[in-house]
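Trainee: Here you go, this is upload.json (JSON, C-alpha atoms and all ligand atoms).
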[["chain", "number", "residue", "atom", "x", "y", "z"],
["R", 908, "MET", "CA", 7.42, 7.80, -97.90],
["R", 909, "SER", "CA", 4.95, 8.59, -95.14],
["R", 910, "LYS", "CA", 2.25, 11.21, -95.71],
["R", 911, "LEU", "CA", 2.37, 12.22, -92.05],
["R", 912, "GLN", "CA", 3.47, 15.82, -91.54],
["R", 913, "ALA", "CA", 3.92, 17.92, -88.41],
["R", 914, "ASN", "CA", 4.32, 21.64, -87.83],
["R", 915, "ILE", "CA", 7.87, 22.18, -86.61],
["R", 916, "SER", "CA", 8.69, 25.54, -85.01],
["R", 917, "GLY", "CA", 12.42, 24.92, -84.81],
["R", 918, "ILE", "CA", 15.28, 22.44, -84.57],
["R", 919, "ILE", "CA", 18.39, 22.91, -82.45],
["R", 920, "LYS", "CA", 21.14, 20.63, -83.69],
["R", 921, "SER", "CA", 23.08, 20.61, -80.43],
["R", 922, "SER", "CA", 21.86, 21.35, -76.90],
["R", 923, "VAL", "CA", 23.21, 20.44, -73.48],
["R", 924, "ILE", "CA", 20.21, 21.76, -71.52],
["R", 925, "ASP", "CA", 17.40, 19.55, -72.88],
["R", 926, "GLY", "CA", 18.35, 16.31, -71.17],
["R", 927, "PRO", "CA", 21.62, 14.48, -70.52],
["R", 928, "GLY", "CA", 24.50, 14.73, -72.98],
["R", 929, "ASN", "CA", 24.54, 16.58, -76.25],
["R", 930, "ARG", "CA", 21.12, 16.42, -77.88],
["R", 931, "MET", "CA", 19.29, 17.48, -81.01],
["R", 932, "VAL", "CA", 16.01, 19.14, -80.01],
["R", 933, "ILE", "CA", 12.94, 19.23, -82.26],
["R", 934, "PHE", "CA", 10.25, 21.76, -81.30],
["R", 935, "PHE", "CA", 6.66, 21.14, -82.39],
["R", 936, "GLN", "CA", 4.10, 23.92, -82.90],
["R", 937, "GLU", "CA", 0.82, 24.13, -80.91],
["R", 938, "CYS", "CA", 0.08, 23.65, -77.22],
["R", 939, "ASN", "CA", -2.90, 22.50, -75.15],
["R", 940, "LEU", "CA", -2.08, 24.78, -72.19],
["R", 941, "ASN", "CA", -1.81, 28.57, -72.14],
["R", 942, "CYS", "CA", 0.68, 29.31, -69.36],
["R", 943, "MET", "CA", 0.89, 32.91, -68.18],
["R", 944, "TYR", "CA", 4.68, 32.77, -68.04],
["R", 945, "CYS", "CA", 5.21, 31.02, -71.40],
["R", 946, "HIS", "CA", 8.42, 32.34, -72.97],
["R", 947, "ASN", "CA", 7.55, 30.95, -76.39],
["R", 948, "SER", "CA", 3.92, 32.01, -76.67],
["R", 949, "HIS", "CA", 4.24, 32.08, -80.47],
["R", 950, "THR", "CA", 4.36, 28.26, -80.34],
["R", 951, "ILE", "CA", 0.93, 27.94, -78.67],
["R", 952, "GLY", "CA", -1.38, 28.52, -81.66],
["R", 953, "LEU", "CA", -1.63, 27.76, -85.35],
["R", 954, "CYS", "CA", -1.45, 30.32, -88.16],
["R", 955, "ASN", "CA", -4.76, 31.05, -89.92],
["R", 956, "LEU", "CA", -3.13, 33.22, -92.63],
["R", 957, "CYS", "CA", -4.83, 36.39, -91.34],
["R", 958, "GLY", "CA", -1.99, 38.51, -92.79],
["R", 959, "THR", "CA", -1.53, 40.77, -89.76],
["R", 960, "CYS", "CA", 2.18, 39.94, -89.52],
["R", 961, "VAL", "CA", 2.66, 40.49, -93.26],
["R", 962, "ASP", "CA", 1.31, 44.06, -92.96],
["R", 963, "THR", "CA", 3.39, 44.70, -89.83],
["R", 964, "CYS", "CA", 6.80, 43.49, -90.99],
["R", 965, "PRO", "CA", 9.06, 46.56, -91.38],
["R", 966, "THR", "CA", 11.28, 44.86, -93.98],
["R", 967, "ASN", "CA", 8.52, 43.27, -96.12],
["R", 968, "SER", "CA", 10.00, 39.87, -95.43],
["R", 969, "LEU", "CA", 6.67, 38.03, -95.23],
["R", 970, "GLN", "CA", 4.19, 37.07, -97.94],
["R", 971, "ILE", "CA", 1.03, 34.97, -97.97],
["R", 972, "ASP", "CA", 1.30, 31.96, -100.28],
["R", 973, "SER", "CA", -2.42, 31.30, -100.81],
["R", 974, "GLU", "CA", -1.88, 28.31, -103.07],
["R", 975, "ASN", "CA", 0.14, 26.37, -100.49],
["R", 976, "GLN", "CA", -1.65, 27.91, -97.51],
["R", 977, "GLN", "CA", 1.49, 29.15, -95.83],
["R", 978, "ILE", "CA", 3.52, 32.26, -95.09],
["R", 979, "ILE", "CA", 6.74, 32.70, -97.05],
["R", 980, "HIS", "CA", 9.57, 34.17, -95.00],
["R", 981, "ASP", "CA", 12.58, 35.81, -96.64],
["R", 982, "VAL", "CA", 15.46, 35.12, -94.25],
["R", 983, "ASN", "CA", 17.79, 37.37, -96.24],
["R", 984, "THR", "CA", 15.82, 40.55, -95.55],
["R", 985, "CYS", "CA", 14.44, 39.67, -92.09],
["R", 986, "ASN", "CA", 16.13, 41.62, -89.30],
["R", 987, "ARG", "CA", 14.81, 39.38, -86.47],
["R", 988, "CYS", "CA", 12.89, 42.21, -84.84],
["R", 989, "ASP", "CA", 10.17, 39.76, -83.68],
["R", 990, "LYS", "CA", 7.38, 42.27, -84.43],
["R", 991, "CYS", "CA", 5.53, 39.53, -86.33],
["R", 992, "LEU", "CA", 5.57, 37.29, -83.24],
["R", 993, "GLU", "CA", 4.41, 40.06, -80.93],
["R", 994, "ILE", "CA", 1.48, 41.09, -83.15],
["R", 995, "CYS", "CA", 0.09, 37.65, -84.03],
["R", 996, "PRO", "CA", -3.46, 37.39, -82.61],
["R", 997, "GLU", "CA", -3.29, 33.58, -82.63],
["R", 998, "ASN", "CA", -0.17, 33.19, -80.44],
["R", 999, "SER", "CA", 1.41, 31.73, -83.54],
["R", 1000, "SER", "CA", 4.30, 32.50, -85.82],
["R", 1001, "PRO", "CA", 4.90, 32.85, -89.56],
["R", 1002, "PHE", "CA", 8.08, 30.77, -89.26],
["R", 1003, "TYR", "CA", 7.01, 27.21, -88.48],
["R", 1004, "LYS", "CA", 7.27, 24.65, -91.25],
["R", 1005, "GLN", "CA", 5.52, 21.44, -92.15],
["R", 1006, "MET", "CA", 7.98, 18.57, -92.07],
["R", 1007, "SER", "CA", 7.69, 14.86, -92.75],
["R", 1008, "VAL", "CA", 9.23, 12.11, -90.64],
["R", 1009, "GLU", "CA", 11.75, 11.58, -93.46],
["R", 1010, "ASN", "CA", 12.73, 15.29, -93.37],
["R", 1011, "ILE", "CA", 13.51, 15.02, -89.67],
["R", 1012, "ILE", "CA", 15.36, 11.72, -90.03],
["R", 1013, "SER", "CA", 17.60, 13.30, -92.62],
["R", 1014, "GLU", "CA", 18.32, 16.24, -90.24],
["R", 1015, "ILE", "CA", 19.25, 13.72, -87.53],
["R", 1016, "HIS", "CA", 21.61, 11.93, -89.92],
["R", 1017, "GLU", "CA", 23.55, 15.18, -90.40],
["R", 1018, "VAL", "CA", 24.51, 15.29, -86.71],
["R", 1019, "LYS", "CA", 24.19, 11.66, -85.61],
["R", 1020, "ASP", "CA", 27.92, 11.26, -84.91],
["R", 1021, "PHE", "CA", 28.04, 14.29, -82.63],
["R", 1022, "ILE", "CA", 24.96, 13.79, -80.44],
["R", 1023, "SER", "CA", 23.94, 11.32, -77.74],
["R", 1024, "GLY", "CA", 20.21, 11.61, -78.29],
["R", 1025, "ILE", "CA", 17.19, 13.54, -79.44],
["R", 1026, "THR", "CA", 14.61, 15.42, -77.38],
["R", 1027, "VAL", "CA", 11.19, 16.28, -78.76],
["R", 1028, "SER", "CA", 9.64, 19.38, -77.23],
["R", 1029, "GLY", "CA", 7.01, 22.03, -77.88],
["R", 1030, "GLY", "CA", 4.48, 23.54, -77.76],
["R", 1031, "GLU", "CA", 3.01, 20.26, -76.56],
["R", 1032, "VAL", "CA", 4.68, 17.49, -78.46],
["R", 1033, "MET", "CA", 2.24, 14.77, -77.35],
["R", 1034, "LEU", "CA", -0.41, 16.37, -79.60],
["R", 1035, "HIS", "CA", 1.57, 14.68, -82.40],
["R", 1036, "ALA", "CA", 1.67, 11.11, -81.05],
["R", 1037, "PRO", "CA", 1.13, 9.25, -84.39],
["R", 1038, "PHE", "CA", 3.90, 11.30, -86.03],
["R", 1039, "LEU", "CA", 6.22, 10.67, -83.08],
["R", 1040, "LYS", "CA", 5.52, 6.95, -83.14],
["R", 1041, "LEU", "CA", 6.62, 6.72, -86.76],
["R", 1042, "LEU", "CA", 9.65, 8.93, -86.12],
["R", 1043, "PHE", "CA", 10.75, 6.86, -83.13],
["R", 1044, "GLN", "CA", 10.19, 3.56, -84.97],
["R", 1045, "LYS", "CA", 12.41, 4.79, -87.79],
["R", 1046, "ILE", "CA", 15.14, 5.85, -85.35],
["R", 1047, "ARG", "CA", 15.01, 2.55, -83.47],
["R", 1048, "SER", "CA", 15.12, 0.44, -86.63],
["R", 1049, "ASN", "CA", 18.00, 2.34, -88.24],
["R", 1050, "SER", "CA", 21.37, 0.79, -87.39],
["R", 1051, "GLU", "CA", 23.11, 4.17, -87.74],
["R", 1052, "LEU", "CA", 20.75, 5.87, -85.25],
["R", 1053, "LYS", "CA", 20.30, 3.10, -82.70],
["R", 1054, "HIS", "CA", 22.79, 4.69, -80.27],
["R", 1055, "LEU", "CA", 20.56, 7.75, -79.81],
["R", 1056, "SER", "CA", 18.45, 8.03, -76.67],
["R", 1057, "ILE", "CA", 14.95, 9.48, -77.08],
["R", 1058, "LEU", "CA", 13.42, 11.87, -74.54],
["R", 1059, "ILE", "CA", 10.04, 13.61, -74.54],
["R", 1060, "ASP", "CA", 9.64, 17.05, -72.95],
["R", 1061, "SER", "CA", 5.90, 17.32, -72.20],
["R", 1062, "ASN", "CA", 3.36, 19.21, -70.12],
["R", 1063, "GLY", "CA", 1.66, 15.84, -69.42],
["R", 1064, "ASN", "CA", -1.81, 17.09, -70.37],
["R", 1065, "ILE", "CA", -2.63, 14.00, -72.41],
["R", 1066, "ASN", "CA", -4.52, 10.71, -72.10],
["R", 1067, "GLN", "CA", -2.86, 7.45, -71.09],
["R", 1068, "GLU", "CA", -3.35, 5.74, -74.46],
["R", 1069, "LYS", "CA", -1.14, 8.35, -76.12],
["R", 1070, "TRP", "CA", 1.65, 7.40, -73.71],
["R", 1071, "ASP", "CA", 1.05, 3.70, -74.35],
["R", 1072, "SER", "CA", 1.62, 4.23, -78.07],
["R", 1073, "LEU", "CA", 5.10, 5.72, -77.46],
["R", 1074, "LEU", "CA", 6.54, 4.22, -74.28],
["R", 1075, "PRO", "CA", 8.10, 1.17, -76.03],
["R", 1076, "TYR", "CA", 10.35, 3.47, -78.06],
["R", 1077, "ILE", "CA", 11.49, 6.11, -75.57],
["R", 1078, "ASP", "CA", 14.00, 6.38, -72.75],
["R", 1079, "GLY", "CA", 12.09, 8.86, -70.66],
["R", 1080, "VAL", "CA", 9.84, 11.86, -70.17],
["R", 1081, "MET", "CA", 10.65, 15.23, -68.62],
["R", 1082, "LEU", "CA", 7.42, 16.68, -67.27],
["R", 1083, "ASP", "CA", 6.37, 20.00, -65.71],
["R", 1084, "ILE", "CA", 3.88, 20.37, -62.90],
["R", 1085, "LYS", "CA", 2.57, 23.94, -62.79],
["R", 1086, "ALA", "CA", 0.41, 23.57, -59.66],
["R", 1087, "TYR", "CA", -1.14, 20.85, -57.51],
["R", 1088, "SER", "CA", -4.41, 22.64, -56.76],
["R", 1089, "VAL", "CA", -6.82, 22.52, -59.71],
["R", 1090, "ASP", "CA", -7.87, 26.13, -59.13],
["R", 1091, "ILE", "CA", -4.31, 27.44, -59.10],
["R", 1092, "HIS", "CA", -3.48, 25.31, -62.14],
["R", 1093, "LYS", "CA", -6.41, 26.86, -64.01],
["R", 1094, "GLN", "CA", -5.24, 30.36, -63.08],
["R", 1095, "ILE", "CA", -1.72, 29.69, -64.37],
["R", 1096, "THR", "CA", -2.51, 27.61, -67.47],
["R", 1097, "GLY", "CA", -6.21, 28.04, -68.21],
["R", 1098, "TYR", "CA", -6.82, 24.28, -67.79],
["R", 1099, "SER", "CA", -7.28, 21.56, -65.17],
["R", 1100, "ASN", "CA", -4.33, 19.40, -64.12],
["R", 1101, "GLU", "CA", -6.24, 16.12, -63.86],
["R", 1102, "LYS", "CA", -4.55, 14.47, -66.86],
["R", 1103, "ILE", "CA", -1.16, 15.82, -65.79],
["R", 1104, "LEU", "CA", -1.36, 14.23, -62.34],
["R", 1105, "ASN", "CA", -2.46, 10.97, -63.99],
["R", 1106, "SER", "CA", 0.52, 11.21, -66.38],
["R", 1107, "VAL", "CA", 2.95, 11.67, -63.48],
["R", 1108, "ALA", "CA", 1.65, 8.54, -61.73],
["R", 1109, "TYR", "CA", 1.46, 6.48, -64.92],
["R", 1110, "LEU", "CA", 4.90, 7.36, -66.26],
["R", 1111, "ASN", "CA", 6.40, 6.69, -62.83],
["R", 1112, "LEU", "CA", 4.69, 3.28, -62.73],
["R", 1113, "LYS", "CA", 6.15, 2.46, -66.14],
["R", 1114, "ASN", "CA", 9.64, 3.66, -65.10],
["R", 1115, "LYS", "CA", 9.62, 6.28, -67.84],
["R", 1116, "LEU", "CA", 9.50, 9.47, -65.78],
["R", 1117, "CYS", "CA", 13.01, 10.92, -65.71],
["R", 1118, "GLU", "CA", 12.42, 14.49, -64.50],
["R", 1119, "LEU", "CA", 9.63, 16.31, -62.63],
["R", 1120, "ARG", "CA", 9.90, 20.13, -62.63],
["R", 1121, "PHE", "CA", 8.05, 22.76, -60.64],
["R", 1122, "VAL", "CA", 8.12, 26.43, -61.69],
["R", 1123, "LEU", "CA", 7.65, 28.80, -58.74],
["R", 1124, "VAL", "CA", 5.32, 31.74, -59.46],
["R", 1125, "PRO", "CA", 4.90, 34.21, -56.55],
["R", 1126, "ASN", "CA", 1.27, 35.02, -55.64],
["R", 1127, "TYR", "CA", 0.08, 31.91, -57.48],
["R", 1128, "ASN", "CA", 1.74, 28.66, -56.43],
["R", 1129, "ASN", "CA", 4.08, 29.71, -53.64],
["R", 1130, "ASP", "CA", 1.94, 29.32, -50.53],
["R", 1131, "GLU", "CA", 3.01, 26.72, -47.98],
["R", 1132, "ILE", "CA", 0.13, 24.29, -48.55],
["R", 1133, "GLU", "CA", 0.64, 24.32, -52.32],
["R", 1134, "ILE", "CA", 4.37, 23.67, -52.05],
["R", 1135, "MET", "CA", 3.75, 20.91, -49.47],
["R", 1136, "ASN", "CA", 1.38, 19.25, -51.93],
["R", 1137, "ILE", "CA", 4.02, 19.49, -54.66],
["R", 1138, "ALA", "CA", 6.54, 17.97, -52.21],
["R", 1139, "ASN", "CA", 4.18, 15.05, -51.56],
["R", 1140, "LEU", "CA", 3.73, 14.54, -55.30],
["R", 1141, "MET", "CA", 7.49, 14.54, -55.82],
["R", 1142, "LYS", "CA", 7.87, 12.16, -52.91],
["R", 1143, "SER", "CA", 5.36, 9.78, -54.50],
["R", 1144, "VAL", "CA", 7.61, 9.08, -57.50],
["R", 1145, "SER", "CA", 10.80, 7.05, -57.66],
["R", 1146, "PRO", "CA", 13.92, 8.55, -56.00],
["R", 1147, "SER", "CA", 15.67, 8.11, -59.35],
["R", 1148, "VAL", "CA", 13.42, 10.77, -60.95],
["R", 1149, "ARG", "CA", 15.24, 14.11, -61.03],
["R", 1150, "LYS", "CA", 13.25, 16.80, -59.17],
["R", 1151, "THR", "CA", 13.78, 20.40, -60.15],
["R", 1152, "LEU", "CA", 12.60, 23.71, -58.70],
["R", 1153, "ILE", "CA", 12.67, 26.40, -61.39],
["R", 1154, "LYS", "CA", 12.59, 30.15, -60.87],
["R", 1155, "MET", "CA", 9.91, 31.75, -63.07],
["R", 1156, "ARG", "CA", 11.56, 34.38, -65.23],
["R", 1157, "ASN", "CA", 9.44, 37.10, -66.77],
["R", 1158, "HIS", "CA", 11.82, 38.02, -69.57],
["R", 1159, "GLY", "CA", 10.11, 37.37, -72.90],
["R", 1160, "ILE", "CA", 6.62, 36.68, -71.58],
["R", 1161, "ARG", "CA", 3.55, 38.30, -73.15],
["R", 1162, "LYS", "CA", 2.87, 41.97, -72.35],
["R", 1163, "GLU", "CA", -0.44, 41.18, -70.64],
["R", 1164, "PHE", "CA", 1.44, 39.07, -68.09],
["R", 1165, "ALA", "CA", 4.31, 41.49, -67.53],
["R", 1166, "TYR", "CA", 2.97, 42.12, -64.00],
["R", 1167, "LEU", "CA", 4.09, 38.63, -62.94],
["R", 1168, "LYS", "CA", 6.78, 38.90, -60.29],
["R", 1169, "GLU", "CA", 9.87, 36.73, -60.38],
["R", 1170, "PRO", "CA", 10.59, 34.90, -57.12],
["R", 1171, "ASN", "CA", 13.34, 36.57, -55.09],
["R", 1172, "GLU", "CA", 16.14, 34.65, -53.44],
["R", 1173, "ASP", "CA", 14.28, 34.34, -50.11],
["R", 1174, "GLU", "CA", 11.20, 32.94, -51.85],
["R", 1175, "MET", "CA", 13.33, 30.36, -53.69],
["R", 1176, "ILE", "CA", 15.09, 29.35, -50.46],
["R", 1177, "HIS", "CA", 11.74, 29.10, -48.66],
["R", 1178, "ALA", "CA", 10.26, 26.90, -51.42],
["R", 1179, "LYS", "CA", 13.34, 24.69, -51.49],
["R", 1180, "SER", "CA", 13.26, 24.31, -47.70],
["R", 1181, "ILE", "CA", 9.65, 23.07, -47.82],
["R", 1182, "LEU", "CA", 10.45, 20.63, -50.63],
["R", 1183, "THR", "CA", 13.56, 19.28, -48.91],
["R", 1184, "GLN", "CA", 11.72, 18.78, -45.59],
["R", 1185, "SER", "CA", 10.38, 15.65, -47.27],
["R", 1186, "ASP", "CA", 13.95, 14.35, -47.75],
["R", 1187, "LEU", "CA", 13.79, 15.21, -51.43],
["R", 1188, "ASP", "CA", 16.94, 15.88, -53.37],
["R", 1189, "ILE", "CA", 16.04, 19.08, -55.24],
["R", 1190, "LEU", "CA", 17.96, 20.76, -58.04],
["R", 1191, "VAL", "CA", 17.33, 24.52, -58.24],
["R", 1192, "ILE", "CA", 17.53, 26.31, -61.58],
["K", 1201, "LIG", "S1", 1.47, 34.12, -88.11],
["K", 1201, "LIG", "FE1", -0.20, 35.04, -86.95],
["K", 1201, "LIG", "S2", -0.35, 37.18, -87.71],
["K", 1201, "LIG", "FE2", 0.86, 36.01, -89.22],
["K", 1201, "LIG", "S3", -0.66, 35.34, -90.72],
["K", 1201, "LIG", "FE3", -0.43, 33.67, -89.22],
["K", 1201, "LIG", "S4", -2.08, 34.01, -87.70],
["K", 1201, "LIG", "FE4", -1.83, 35.95, -88.87],
["K", 1202, "LIG", "S1", 11.20, 39.16, -87.38],
["K", 1202, "LIG", "FE1", 11.61, 39.35, -89.60],
["K", 1202, "LIG", "S2", 9.73, 38.64, -90.55],
["K", 1202, "LIG", "FE2", 9.22, 39.14, -88.42],
["K", 1202, "LIG", "S3", 8.52, 41.30, -88.45],
["K", 1202, "LIG", "FE3", 10.74, 41.32, -87.99],
["K", 1202, "LIG", "S4", 11.73, 41.55, -90.00],
["K", 1202, "LIG", "FE4", 9.63, 40.89, -90.38]]
What does this structure look like when you write it as structure tokens?
Ligand code: SF4
Ligand code: SF4
Mentor:
Amino acid sequence: MSKLQANISGIIKSSVIDGPGNRMVIFFQECNLNCMYCHNSHTIGLCNLCGTCVDTCPTNSLQIDSENQQIIHDVNTCNRCDKCLEICPENSSPFYKQMSVENIISEIHEVKDFISGITVSGGEVMLHAPFLKLLFQKIRSNSELKHLSILIDSNGNINQEKWDSLLPYIDGVMLDIKAYSVDIHKQITGYSNEKILNSVAYLNLKNKLCELRFVLVPNYNNDEIEIMNIANLMKSVSPSVRKTLIKMRNHGIRKEFAYLKEPNEDEMIHAKSILTQSDLDILVI
């Protein structure tokens, strides 16, 4: 049995929105971007056992387990109020669990006959490349799991060698581009997009990029020059890569970013018209 463990924030046994077909989705904790519009901000950080959520929980469903350095969550008394997620100063959650590769393989076995593939997502899943490599090797070498396709849902903010370690095992990568301009990217995510642009080019070169998505955020990345630059980036990759324009939705984002305005219909149409001027086939979500 491998000693490798990863922090898993959730597993969905069946999803039709995380890639083609019916897929099991495994969500990893921790991210290396801090997007203003993140809808799962409790997956960005790691728990440091500060106890704030334990004191806040109205149903006393949380306890610190000092010996095992984790939070114990009583699902029977929890009323899913999410107060623990809202209060956490680390953008973390008391709910994620450490799992081994073998734990995940056994979860996949439970649904293997009903799914067409698995998608690993986050947080930023590429922060766990050694764990993923072992997981994917085990899937590929297991005759009962060989029919499953493997997709990675990533922000792309990772070095090329991490991709090299995983590309032999995967079918493709779905990648977000938050902004083309470095300054705008820093405003939206807190970080540069240099590695992300390199990832787009590299994955396209290796025929492993399957989807490139752009989330429209009014007053940040919706000026004409910015969208033209995104259009040129989308144009630079293979026509077979699915290109998606996504409407930023502010439901569920952190209170400090509640001022963010969702794009209206005219703004979506305008953005799509700029993207399609370059003969791009754009899916709007
Ligand atoms: S989940 Fe957040 S609030 Fe709760 S103990 Fe961990 S760091 Fe503190
Ligand atoms: S979601 Fe559950 S564990 Fe979290 S504060 Fe509410 S009752 Fe407590």
Trainee: With distances taken over only C-alpha atoms, which of R:Ser921, R:Ser1180, R:Asn1114, R:Gln1005 is nearest to R:Gln976?
Mentor: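 Under the stated criterion, the closest residue is R:Gln1005.
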Trainee: So which one's closest to R:Thr1151, R:Ala1165, R:Val1191, R:Ile1091, R:Ile1134? Using all atoms listed in the file, please.
Mentor: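 For R:Thr1151, the nearest of the given residues is R:Val1191.
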Trainee: Could you give me, as a Markdown table, a per-residue list for chain R showing, wherever an atom lies at most 7 Å from an atom of ligand LIG 1202 (chain K), the closest pair of atoms and their distance in Å to one decimal, using all atoms listed in the file and sorting by chain then residue number from low to high?
Mentor:
| residue | atom | partner | partner_atom | distance |
| --- | --- | --- | --- | --- |
| R:Cys960 | CA | K:LIG1202 | S3 | 6.6 |
| R:Thr963 | CA | K:LIG1202 | S3 | 6.3 |
| R:Cys964 | CA | K:LIG1202 | S3 | 3.8 |
| R:Pro965 | CA | K:LIG1202 | FE4 | 5.8 |
| R:Thr966 | CA | K:LIG1202 | S4 | 5.2 |
| R:Asn967 | CA | K:LIG1202 | FE4 | 6.3 |
| R:Ser968 | CA | K:LIG1202 | S2 | 5.0 |
| R:Leu969 | CA | K:LIG1202 | S2 | 5.6 |
| R:His980 | CA | K:LIG1202 | S2 | 6.3 |
| R:Thr984 | CA | K:LIG1202 | S4 | 7.0 |
| R:Cys985 | CA | K:LIG1202 | FE1 | 3.8 |
| R:Asn986 | CA | K:LIG1202 | S4 | 4.5 |
| R:Arg987 | CA | K:LIG1202 | S1 | 3.7 |
| R:Cys988 | CA | K:LIG1202 | FE3 | 3.9 |
| R:Asp989 | CA | K:LIG1202 | S1 | 3.9 |
| R:Lys990 | CA | K:LIG1202 | S3 | 4.3 |
| R:Cys991 | CA | K:LIG1202 | S3 | 4.1 |
| R:Leu992 | CA | K:LIG1202 | FE2 | 6.6 |
Trainee: So, counting only C-alpha atoms and all ligand atoms, which residue among R:Cys995, R:Ile971, R:Met931, R:Ile1022 is closest to ligand LIG 1201 (chain K)?
Mentor: R:Cys995
Trainee: Which residues are near ligand LIG 1201 (chain K) - at most 6 Å, using all atoms listed in the file? Format: as a ChimeraX atom specification.
Mentor: /R:954-960,995-997,999-1001
Trainee: Output C-alpha atoms for every residue in that selection, as a compact mmCIF listing (two decimals), keeping the file's coordinate frame.
Mentor:
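For reference, part23.txt as written:
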# COMPACT_ATOMS: atom_id res chain seq x y z
CA CYS R 954 -1.45 30.32 -88.16
CA ASN R 955 -4.76 31.05 -89.92
CA LEU R 956 -3.13 33.22 -92.63
CA CYS R 957 -4.83 36.39 -91.34
CA GLY R 958 -1.99 38.51 -92.79
CA THR R 959 -1.53 40.77 -89.76
CA CYS R 960 2.18 39.94 -89.52
CA CYS R 995 0.09 37.65 -84.03
CA PRO R 996 -3.46 37.39 -82.61
CA GLU R 997 -3.29 33.58 -82.63
CA SER R 999 1.41 31.73 -83.54
CA SER R 1000 4.30 32.50 -85.82
CA PRO R 1001 4.90 32.85 -89.56
Trainee: Mind checking which residues fall within 10 Å of stretch 933-935 of chain R, counting only C-alpha atoms, ignoring those fewer than 6 positions away in the same chain, and posting them as number ranges by chain?
Mentor: R: 913-920, 950-951, 1003-1005, 1011, 1015, 1025-1035, 1059-1060
Trainee: Take the residues from that selection and put them in a file with C-alpha atoms, as a PDB file, in the coordinates of the input.
Mentor:
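selection.pdb was written with the following content:
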ATOM      1  CA  ALA R 913       3.920  17.920 -88.410  1.00  0.00           C
ATOM      2  CA  ASN R 914       4.320  21.640 -87.830  1.00  0.00           C
ATOM      3  CA  ILE R 915       7.870  22.180 -86.610  1.00  0.00           C
ATOM      4  CA  SER R 916       8.690  25.540 -85.010  1.00  0.00           C
ATOM      5  CA  GLY R 917      12.420  24.920 -84.810  1.00  0.00           C
ATOM      6  CA  ILE R 918      15.280  22.440 -84.570  1.00  0.00           C
ATOM      7  CA  ILE R 919      18.390  22.910 -82.450  1.00  0.00           C
ATOM      8  CA  LYS R 920      21.140  20.630 -83.690  1.00  0.00           C
ATOM      9  CA  THR R 950       4.360  28.260 -80.340  1.00  0.00           C
ATOM     10  CA  ILE R 951       0.930  27.940 -78.670  1.00  0.00           C
ATOM     11  CA  TYR R1003       7.010  27.210 -88.480  1.00  0.00           C
ATOM     12  CA  LYS R1004       7.270  24.650 -91.250  1.00  0.00           C
ATOM     13  CA  GLN R1005       5.520  21.440 -92.150  1.00  0.00           C
ATOM     14  CA  ILE R1011      13.510  15.020 -89.670  1.00  0.00           C
ATOM     15  CA  ILE R1015      19.250  13.720 -87.530  1.00  0.00           C
ATOM     16  CA  ILE R1025      17.190  13.540 -79.440  1.00  0.00           C
ATOM     17  CA  THR R1026      14.610  15.420 -77.380  1.00  0.00           C
ATOM     18  CA  VAL R1027      11.190  16.280 -78.760  1.00  0.00           C
ATOM     19  CA  SER R1028       9.640  19.380 -77.230  1.00  0.00           C
ATOM     20  CA  GLY R1029       7.010  22.030 -77.880  1.00  0.00           C
ATOM     21  CA  GLY R1030       4.480  23.540 -77.760  1.00  0.00           C
ATOM     22  CA  GLU R1031       3.010  20.260 -76.560  1.00  0.00           C
ATOM     23  CA  VAL R1032       4.680  17.490 -78.460  1.00  0.00           C
ATOM     24  CA  MET R1033       2.240  14.770 -77.350  1.00  0.00           C
ATOM     25  CA  LEU R1034      -0.410  16.370 -79.600  1.00  0.00           C
ATOM     26  CA  HIS R1035       1.570  14.680 -82.400  1.00  0.00           C
ATOM     27  CA  ILE R1059      10.040  13.610 -74.540  1.00  0.00           C
ATOM     28  CA  ASP R1060       9.640  17.050 -72.950  1.00  0.00           C
TER      29      ASP R1060
END
Trainee: Between atom CA of R:Leu1039 and atom CA of R:Glu1068, what is the distance in Å, rounded to a tenth?
Mentor: 13.8 Å
Trainee: Find the spatial neighbours of R:Leu1073, counting only C-alpha atoms, within a cut-off of 9 Å - ignore same-chain residues fewer than 2 positions away - and output them as an mmCIF file with C-alpha atoms, in the coordinates of the input.
Mentor:
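Written output follows (selection.cif):
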data_model
loop_
_atom_site.group_PDB
_atom_site.id
_atom_site.type_symbol
_atom_site.label_atom_id
_atom_site.label_comp_id
_atom_site.auth_asym_id
_atom_site.auth_seq_id
_atom_site.Cartn_x
_atom_site.Cartn_y
_atom_site.Cartn_z
ATOM 1 C CA ALA R 1036 1.670 11.110 -81.050
ATOM 2 C CA PRO R 1037 1.130 9.250 -84.390
ATOM 3 C CA LEU R 1039 6.220 10.670 -83.080
ATOM 4 C CA LYS R 1040 5.520 6.950 -83.140
ATOM 5 C CA PHE R 1043 10.750 6.860 -83.130
ATOM 6 C CA GLU R 1068 -3.350 5.740 -74.460
ATOM 7 C CA LYS R 1069 -1.140 8.350 -76.120
ATOM 8 C CA TRP R 1070 1.650 7.400 -73.710
ATOM 9 C CA ASP R 1071 1.050 3.700 -74.350
ATOM 10 C CA PRO R 1075 8.100 1.170 -76.030
ATOM 11 C CA TYR R 1076 10.350 3.470 -78.060
ATOM 12 C CA ILE R 1077 11.490 6.110 -75.570
#
Trainee: Which residue, R:Glu1133, R:Asp981, R:Glu1174, R:Asp1090, has the smallest gap to R:Ile1153 when you use all atoms listed in the file?
Mentor: R:Glu1174
